[in-house]
Amino acid sequence: MKSLRETHTDATIDALLRAGRRQFGAQGYDAVSLEAIGAEARVTTGAVYHHFKSKKGLFLGVAEAVERELLAVAATIKDPDPWERTQKAFCKLIEACAASDVQQIVFLDAPRVIGPEAWRAIEMKYAFGGMSSVLAQLVEARVLHPYAIALLAPVLLAVLAEASRAVSANPALTQEASSLMMRVLAALRRD
């Protein structure tokens, strides 16, 4: 059982991450101040520094939380057929990644603010790791052609990122983007 202090700490961190996500997602990293995030979270700026050390540290926490959330989106798909589950997950991910806050945080600010190498390590942990696991299962089950996962995963992530970027700019493309993603996946399938 957590102590009152631990519960308070968790609540403070959660409030800062929520406020940070909202503000970084709406305005972009450069336009946001720690004072504004602290005020929205109803804590002092000192609390921000205590838990995250810097604006970049808070942004990193927010970006990782978004990556975990995206990984969880794919995990919500429950279908006994791994191929159907993968197709449905990609469609949901296109929509989730098209959200304006996800676009701003993950695709625009994170590589620049965190740095390309550090951000790549985070992508490897979440997006690439999750994608690699799913694809390896499909290759092992002989559903997909046996391309190297180290090649296949980043190619499909790039397609997902670009499709979500297009949908973010023009939501009317959602169905077409999903259809395109299904065609890309179908091209990789063994028949």
# chains A, B, ... in the order shown; residues from 1 in each chain; ligands from 1
call {"tool": "residues_around", "arguments": {"residues": "range 93-97 of chain A", "least_positions_apart": "3", "cutoff": "12 Å", "atoms": "only C-alpha atoms", "output": "ChimeraX atom specification"}}
result
/A:66-67,69-77,86-90,100-107,127,131,156-182
call {"tool": "select_by_dssp", "arguments": {"residues": "chain A", "states": "helix (DSSP H, G or I)", "output": "PyMOL selection string"}}
result
chain A and resi 4-27+29-31+34-41+45-52+55-75+82-98+100-114+116-140+149-169+171-188
call {"tool": "residues_around", "arguments": {"residues": "Pro146 in chain A", "least_positions_apart": "5", "cutoff": "12 Å", "atoms": "only C-alpha atoms", "output": "number ranges by chain"}}
result
A: 135-141, 151-152, 188-190
call {"tool": "residues_around", "arguments": {"residues": "range 28-42 of chain A", "least_positions_apart": "6", "cutoff": "12 Å", "atoms": "only C-alpha atoms", "output": "mmCIF file with C-alpha atoms, in the first residue's frame"}}
result
data_model
loop_
_atom_site.group_PDB
_atom_site.id
_atom_site.type_symbol
_atom_site.label_atom_id
_atom_site.label_comp_id
_atom_site.auth_asym_id
_atom_site.auth_seq_id
_atom_site.Cartn_x
_atom_site.Cartn_y
_atom_site.Cartn_z
ATOM 1 C CA ALA A 11 -0.939 12.640 -8.394
ATOM 2 C CA THR A 12 1.427 15.583 -8.907
ATOM 3 C CA ILE A 13 3.375 13.790 -11.641
ATOM 4 C CA ASP A 14 0.143 12.735 -13.345
ATOM 5 C CA ALA A 15 -1.209 16.302 -13.240
ATOM 6 C CA LEU A 16 2.030 17.651 -14.703
ATOM 7 C CA LEU A 17 2.044 15.067 -17.496
ATOM 8 C CA ARG A 18 -1.598 15.838 -18.380
ATOM 9 C CA ALA A 19 -1.005 19.594 -18.376
ATOM 10 C CA GLY A 20 2.228 19.167 -20.303
ATOM 11 C CA ARG A 21 0.577 17.008 -22.917
ATOM 12 C CA ARG A 22 -2.245 19.460 -23.394
ATOM 13 C CA VAL A 48 8.001 20.768 -11.978
ATOM 14 C CA TYR A 49 11.756 21.030 -11.456
ATOM 15 C CA HIS A 50 11.625 18.624 -8.520
ATOM 16 C CA HIS A 51 9.947 15.864 -10.522
ATOM 17 C CA PHE A 52 11.326 16.468 -14.025
ATOM 18 C CA LYS A 53 14.467 18.637 -13.537
ATOM 19 C CA SER A 54 13.751 20.751 -16.653
ATOM 20 C CA LYS A 55 11.272 21.615 -19.378
ATOM 21 C CA LYS A 56 13.000 19.065 -21.610
ATOM 22 C CA GLY A 57 12.670 16.441 -18.850
ATOM 23 C CA LEU A 58 8.926 17.089 -18.597
ATOM 24 C CA PHE A 59 8.591 16.977 -22.377
ATOM 25 C CA LEU A 60 10.433 13.641 -22.421
ATOM 26 C CA VAL A 62 5.042 13.493 -21.907
ATOM 27 C CA ALA A 63 6.459 12.070 -25.144
ATOM 28 C CA SER A 100 -3.105 17.002 -33.491
ATOM 29 C CA ASP A 101 -1.397 16.670 -30.096
ATOM 30 C CA VAL A 102 0.264 13.383 -31.110
ATOM 31 C CA GLN A 103 1.449 14.944 -34.370
ATOM 32 C CA GLN A 104 2.913 17.932 -32.529
ATOM 33 C CA ILE A 105 4.567 15.986 -29.721
ATOM 34 C CA VAL A 106 5.727 12.780 -31.398
ATOM 35 C CA PHE A 107 6.327 13.705 -35.008
ATOM 36 C CA LEU A 108 7.283 17.393 -34.892
ATOM 37 C CA ASP A 109 8.861 18.229 -31.534
ATOM 38 C CA ALA A 110 10.268 15.000 -30.077
ATOM 39 C CA PRO A 111 13.041 14.329 -32.621
ATOM 40 C CA ARG A 112 14.204 17.949 -32.381
ATOM 41 C CA VAL A 113 13.816 18.542 -28.634
ATOM 42 C CA ILE A 114 15.011 15.179 -27.345
#
call {"tool": "atom_distance", "arguments": {"atom1": "CA of Phe128 in chain A", "atom2": "CA of Pro154 in chain A"}}
result
6.9 Å
call {"tool": "atom_distance", "arguments": {"atom1": "CA of Ala150 in chain A", "atom2": "CA of Ser132 in chain A"}}
result
7.7 Å
call {"tool": "atom_distance", "arguments": {"atom1": "CA of Ile122 in chain A", "atom2": "CA of Glu64 in chain A"}}
result
7.3 Å
